[in-house]
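First up is the structure itself, then whatever we jot down about it.
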Amino acid sequence: MAPTLPSLSVTGFAIAALVIALIYRLSQIGSRDKRLPPGPPTIPILGNLHLVPKTGLGKKLKEWGETYGGVFSLKFGGGTVIILFDRKAVHHLLDKKGVIYSERPESYVPNLVTGGDSFAFMNSTPLWRAERKVAVHNLSPKMLEDKVGHIQDAESVVLLADILNNPDGYYNHIRRTTSSVASAVVWGHRGPTMKSFWAHAVYDAMDNYSAALEPSANPPVDEFPFLKWFPGTWTKRAIGSYKCMDDTWNEARRRVDARRAKGIKRDAIIDSILDGEKHSDLSNVTPKQMNHFLGVVVEGGADTTASATLTSMMYLALHPEFQDKARKQLDAVCGTSRLPAITDFEAIPYINCIIKEAMRIHPVLPLGVPHRVNQDDWFDGMLIPKDATVILPSWAMHLSETQGYKDPEAYNPDRFLDFPRMADSYAGSPDWQKRDHYGYGAGRRICPGIHLAERTQWRLNARLLWAFDILPKIDPQTGKPMPIDVNNYHEGIAHGPAEFPVVFKPRSQAHIDVIRREMADAEQFLKAWND
Ligand code: HEM
């Protein structure tokens with residue numbers, strides 16, 4: 001029997017209604033809820049994904065922040081990203097409401113890259129709390145003063161001597177210094193040369209890590225999970241990066257165990273944990289979790305501190321006038337008879353300005369590490385929805401007059417003359433209008449290595465400036481200074497300057513003599529941390 005007209009039209013109607021509903025649902029994906037902070041116009045399904053540049057997202061966020069007037073939102077498919085391009089918002093949300101703003105976004109690629117073991121990318125679970133407590137305790141100013149200062153002093157002397165002996169190798173000398181300090185603090189082993197496992201391991205481990213984590217370097221798999229079924233070079237890179245990291249930190253642990261088996265114990269975080277000192281919260285942690293926790297602390301500390309120092313050297317090479325300002329103070333306090341020491345911090349205040357300016361003009365993590373809010377919240381009448389990714393766009397803020405940085409494209413350490421203390425004093429302070437910069441993040445996830453990083457940077461900047469004139473290299477063909485491109489950075493989630501043509505010229509024989517004399521003592525002291 002032929003179908004009746006009414007039954008046909010009911011089926012047809014149902015299908016049509018389904019199709020319309022589906023189209024409507026699809027068209028809503030990517031659209032912005034009116035209660036959200038404003039942001040660039042969206043298109044169906046993608047939202048704003050099509051507007052994200054392959055590189056240079058940090059600067060794009062500045063443009064949007066200035067257009068939308070502070071806190072703004074981006075739609076990535078159905079997901080929401082809130083950008084806190086606003087000093088007050090950073091303080092009120094990340095600092096004051098840290099309890100709800102301290103998760104990390106659930107993200108497919110970071111999970112592949114870290115195997116879920118990275119304490120920097122974990123949610124604020126009991127494991128994260130236990131690991132964070134150990135890191136904060138061991139990297140506190142008191143612990144650093146008591147235990148680590150001598151290592152930083154001695155390693156910075158080795159850096160000066162290395163540059164004297166092989167000036168062209170400055171780039172790796174600086175990277176060796178920061179990884180050696182971090183490895184000594186964490187694993188109890190230093191890396192005397194870049195050939196040493198303890199100097200290069202962290203850079204091997206991180207080889208593909210930063211690039212694999214750059215937000216625009218992967219397909220938008222979190223927004224469109226079906227993309228997981230289409231693996232490609234991006235998945236290979238992420239999995240390979242984890243494998244490399246896992247091998248590296250297992251090897252580090254094997255070496256520590258071999259040392260301890262010989263009865264050699266050292267004043268390092270790993271030894272204090274294995275000896276059961278205070279850190280009972282870590283008693284249920286598996287060896288693999290432990291190795292990755294400690295590895296992440298070294299990862300957090302080595303490349304970042306080297307990149308910040310290299311940025312400083314690069315800009316100083318282009319700006320001898322600011323070197324002169326620092327040297328007036330260095331010479332008045334130290335003359336040519338001794339190296340500057342951290343106890344000179346207040347007597348030589350300009351070094352602190354130089355450190356802050358490098359961290360401002362090109363922060364190592366231009367987008368910080370993303371946070372996630374775990375419940376609906378409101379700011380200035382705008383909805384910050386549960387599970388939104390929350391970004392502190394440090395670079396964008398640092399380059400904007402709207403955030404209080406006058407003439408922001410210009411390198412000028414003088415802008416920090418009224419900020420005489422280290423960065424940790426300004427981070428989290430209720431006086432949110434007077435935070436120096438945002439290079440270490442904010443709230444409960446703020447960099448736990450901030451004290452170590454500030455103190456290493458002070459020693460490196462002060463001592464390099466005391467010992468050397470930092471000059472652009474002269475092109476032997478033209479006899480003219482070679483150009484230094486301040487935009488030539490290795491870019492991933494972290495940014496670090498590519499090698500640049502610079503010369504470290506010893507300031508006098510007297511300076512050289514002091515370095516050689518200090519080097520003998522430094523080598524003697526550091527023997528205890530050699531393999
Ligand atoms: C100039 C040097 C450094 C810079 C610019 C830097 C920057 C940062 C930033 C922006 C974050 C994310 C903060 C947030 O989520 O809001 C972070 C986290 C972290 N940093 Fe640093 N850092 C530096 C040095 C260090 C050092 C020396 C260590 C340890 C030895 C370290 C260990 C870590 C760890 C473990 C985390 C993850 C914390 C967590 O998720 O709870 N960093 N760092």
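Labels used: A, B, ... for chains in the order of the structure tokens, numbers from 1 for residues in each chain, and numbers from 1 for ligands as shown.
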
Per residue of chain A within 8 Å of ligand 1, what are the shortest atom pair and its distance in Å to one decimal, counting only C-alpha atoms and all ligand atoms, with rows by chain and residue number, as a Markdown table?
```
| residue | atom | partner | partner_atom_place_in_ligand_line | distance |
| --- | --- | --- | --- | --- |
| A:Ser102 | CA | ligand 1 | 15 (O) | 7.9 |
| A:Phe119 | CA | ligand 1 | 40 (O) | 5.7 |
| A:Ala120 | CA | ligand 1 | 40 (O) | 3.4 |
| A:Phe121 | CA | ligand 1 | 40 (O) | 5.9 |
| A:Met122 | CA | ligand 1 | 40 (O) | 7.0 |
| A:Trp128 | CA | ligand 1 | 41 (O) | 7.2 |
| A:Arg132 | CA | ligand 1 | 41 (O) | 6.0 |
| A:Ala135 | CA | ligand 1 | 35 (C) | 7.2 |
| A:Leu139 | CA | ligand 1 | 30 (C) | 7.2 |
| A:Ala182 | CA | ligand 1 | 30 (C) | 5.6 |
| A:Val185 | CA | ligand 1 | 30 (C) | 8.0 |
| A:Val186 | CA | ligand 1 | 30 (C) | 7.9 |
| A:Val296 | CA | ligand 1 | 35 (C) | 5.8 |
| A:Val297 | CA | ligand 1 | 35 (C) | 4.4 |
| A:Val298 | CA | ligand 1 | 30 (C) | 5.4 |
| A:Glu299 | CA | ligand 1 | 32 (C) | 7.1 |
| A:Gly300 | CA | ligand 1 | 32 (C) | 3.7 |
| A:Gly301 | CA | ligand 1 | 26 (C) | 3.2 |
| A:Ala302 | CA | ligand 1 | 27 (C) | 6.5 |
| A:Asp303 | CA | ligand 1 | 2 (C) | 7.8 |
| A:Thr304 | CA | ligand 1 | 2 (C) | 4.4 |
| A:Thr305 | CA | ligand 1 | 2 (C) | 3.9 |
| A:Ala306 | CA | ligand 1 | 1 (C) | 7.3 |
| A:Ser307 | CA | ligand 1 | 1 (C) | 7.2 |
| A:Ala308 | CA | ligand 1 | 1 (C) | 5.3 |
| A:Thr309 | CA | ligand 1 | 1 (C) | 7.7 |
| A:Met359 | CA | ligand 1 | 5 (C) | 7.0 |
| A:Pro363 | CA | ligand 1 | 5 (C) | 6.4 |
| A:Val364 | CA | ligand 1 | 5 (C) | 5.0 |
| A:Leu365 | CA | ligand 1 | 10 (C) | 5.5 |
| A:Pro366 | CA | ligand 1 | 10 (C) | 7.9 |
| A:Leu367 | CA | ligand 1 | 10 (C) | 7.6 |
| A:Gly368 | CA | ligand 1 | 10 (C) | 4.1 |
| A:Val369 | CA | ligand 1 | 15 (O) | 4.5 |
| A:Pro370 | CA | ligand 1 | 15 (O) | 6.2 |
| A:His371 | CA | ligand 1 | 15 (O) | 6.2 |
| A:Leu392 | CA | ligand 1 | 16 (O) | 7.3 |
| A:Tyr438 | CA | ligand 1 | 10 (C) | 7.5 |
| A:Gly439 | CA | ligand 1 | 5 (C) | 5.2 |
| A:Tyr440 | CA | ligand 1 | 10 (C) | 3.9 |
| A:Gly441 | CA | ligand 1 | 16 (O) | 3.4 |
| A:Ala442 | CA | ligand 1 | 16 (O) | 4.4 |
| A:Gly443 | CA | ligand 1 | 16 (O) | 6.3 |
| A:Arg444 | CA | ligand 1 | 41 (O) | 7.0 |
| A:Arg445 | CA | ligand 1 | 41 (O) | 4.2 |
| A:Ile446 | CA | ligand 1 | 13 (C) | 4.1 |
| A:Cys447 | CA | ligand 1 | 17 (C) | 3.8 |
| A:Pro448 | CA | ligand 1 | 33 (C) | 5.3 |
| A:Gly449 | CA | ligand 1 | 28 (C) | 3.5 |
| A:Ile450 | CA | ligand 1 | 24 (C) | 5.7 |
| A:His451 | CA | ligand 1 | 27 (C) | 7.5 |
| A:Leu452 | CA | ligand 1 | 27 (C) | 5.1 |
| A:Ala453 | CA | ligand 1 | 27 (C) | 4.3 |
| A:Glu454 | CA | ligand 1 | 1 (C) | 7.0 |
| A:Gln457 | CA | ligand 1 | 1 (C) | 7.4 |
```

At most 8 Å is the cut-off: for each residue in stretch 395-503 of chain A with any atom that close to an atom of stretch 44-61 of chain A, write down the nearest atom pair and the distance in Å rounded to one decimal, counting only C-alpha atoms, chain first then increasing number, as CSV.
```
residue,atom,partner,partner_atom,distance
A:Trp395,CA,A:Gly58,CA,5.9
A:Ala396,CA,A:Lys59,CA,5.5
A:Glu491,CA,A:Thr55,CA,7.9
```

Expected file: the selected residues, all heavy atoms, as an mmCIF file, in the first residue's frame:
```
data_model
loop_
_atom_site.group_PDB
_atom_site.id
_atom_site.type_symbol
_atom_site.label_atom_id
_atom_site.label_comp_id
_atom_site.auth_asym_id
_atom_site.auth_seq_id
_atom_site.Cartn_x
_atom_site.Cartn_y
_atom_site.Cartn_z
ATOM 1 N N TRP A 395 53.631 39.181 27.801
ATOM 2 C CA TRP A 395 54.321 39.975 26.772
ATOM 3 C C TRP A 395 53.421 41.092 26.250
ATOM 4 O O TRP A 395 53.829 42.249 26.097
ATOM 5 C CB TRP A 395 54.763 39.061 25.627
ATOM 6 C CG TRP A 395 55.882 39.637 24.795
ATOM 7 C CD1 TRP A 395 56.704 40.680 25.135
ATOM 8 C CD2 TRP A 395 56.306 39.187 23.513
ATOM 9 N NE1 TRP A 395 57.631 40.883 24.141
ATOM 10 C CE2 TRP A 395 57.404 39.993 23.134
ATOM 11 C CE3 TRP A 395 55.884 38.172 22.656
ATOM 12 C CZ2 TRP A 395 58.064 39.817 21.919
ATOM 13 C CZ3 TRP A 395 56.550 37.987 21.454
ATOM 14 C CH2 TRP A 395 57.628 38.804 21.087
ATOM 15 N N ALA A 396 52.160 40.727 25.975
ATOM 16 C CA ALA A 396 51.215 41.726 25.467
ATOM 17 C C ALA A 396 51.083 42.873 26.463
ATOM 18 O O ALA A 396 51.091 44.056 26.087
ATOM 19 C CB ALA A 396 49.860 41.065 25.233
ATOM 20 N N GLU A 491 61.175 30.069 19.144
ATOM 21 C CA GLU A 491 59.849 30.263 19.725
ATOM 22 C C GLU A 491 59.111 28.960 19.910
ATOM 23 O O GLU A 491 59.058 28.124 19.029
ATOM 24 C CB GLU A 491 59.027 31.201 18.837
ATOM 25 C CG GLU A 491 59.632 32.584 18.753
ATOM 26 C CD GLU A 491 58.724 33.598 18.105
ATOM 27 O OE1 GLU A 491 57.580 33.236 17.751
ATOM 28 O OE2 GLU A 491 59.146 34.756 17.965
#
```

Would you mind listing, for every residue of stretch 449-510 of chain A within 9 Å of stretch 161-178 of chain A, the two atoms forming the shortest contact and the distance between them in Å to one decimal, using only C-alpha atoms, sorted by chain and ascending residue number, as CSV?
```
residue,atom,partner,partner_atom,distance
A:Thr456,CA,A:Thr178,CA,7.7
A:Leu460,CA,A:Ile174,CA,8.6
A:Ala498,CA,A:Tyr171,CA,8.9
A:Glu499,CA,A:Tyr171,CA,6.5
A:Phe500,CA,A:Tyr171,CA,8.6
A:Pro501,CA,A:Asp168,CA,8.8
A:Val502,CA,A:Asp168,CA,8.2
A:Val503,CA,A:Pro167,CA,7.0
A:Phe504,CA,A:Pro167,CA,6.4
A:Lys505,CA,A:Leu164,CA,8.4
A:Pro506,CA,A:Leu164,CA,7.4
```

Return as a PyMOL selection string the full set of residues in stretch 104-326 of chain A whose backbone-based DSSP assignment is helix (DSSP H, G or I).
chain A and resi 108-114+126-138+141-165+167-187+197-205+209-213+215-217+225-229+233-261+269-274+280-282+287-318+320-326

Given only C-alpha atoms, how would the per-residue table for stretch 430-517 of chain A near stretch 66-87 of chain A read, listing every residue at most 9 Å away with its closest atom pair and distance in Å to one decimal, sorted by chain and number, as a Markdown table?
```
| residue | atom | partner | partner_atom | distance |
| --- | --- | --- | --- | --- |
| A:Trp432 | CA | A:Arg87 | CA | 6.5 |
| A:Gln433 | CA | A:Arg87 | CA | 6.6 |
| A:Arg435 | CA | A:Arg87 | CA | 8.3 |
```

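The smallest atom-to-atom distance between A:Asn291 and any of A:Ile355, A:Leu274, A:Ala252, A:Ile515, using only C-alpha atoms, is found for A:Ala252.
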
What are the closest atom pairs, with distances in Å to one decimal, for each residue of stretch 188-220 of chain A lying within 12 Å of stretch 255-270 of chain A, using only C-alpha atoms, rows by chain and rising residue number, as CSV?
```
residue,atom,partner,partner_atom,distance
A:Gly188,CA,A:Ala268,CA,4.8
A:His189,CA,A:Val256,CA,8.3
A:Arg190,CA,A:Ala268,CA,10.9
A:Phe197,CA,A:Arg255,CA,10.0
A:Trp198,CA,A:Arg255,CA,10.1
```
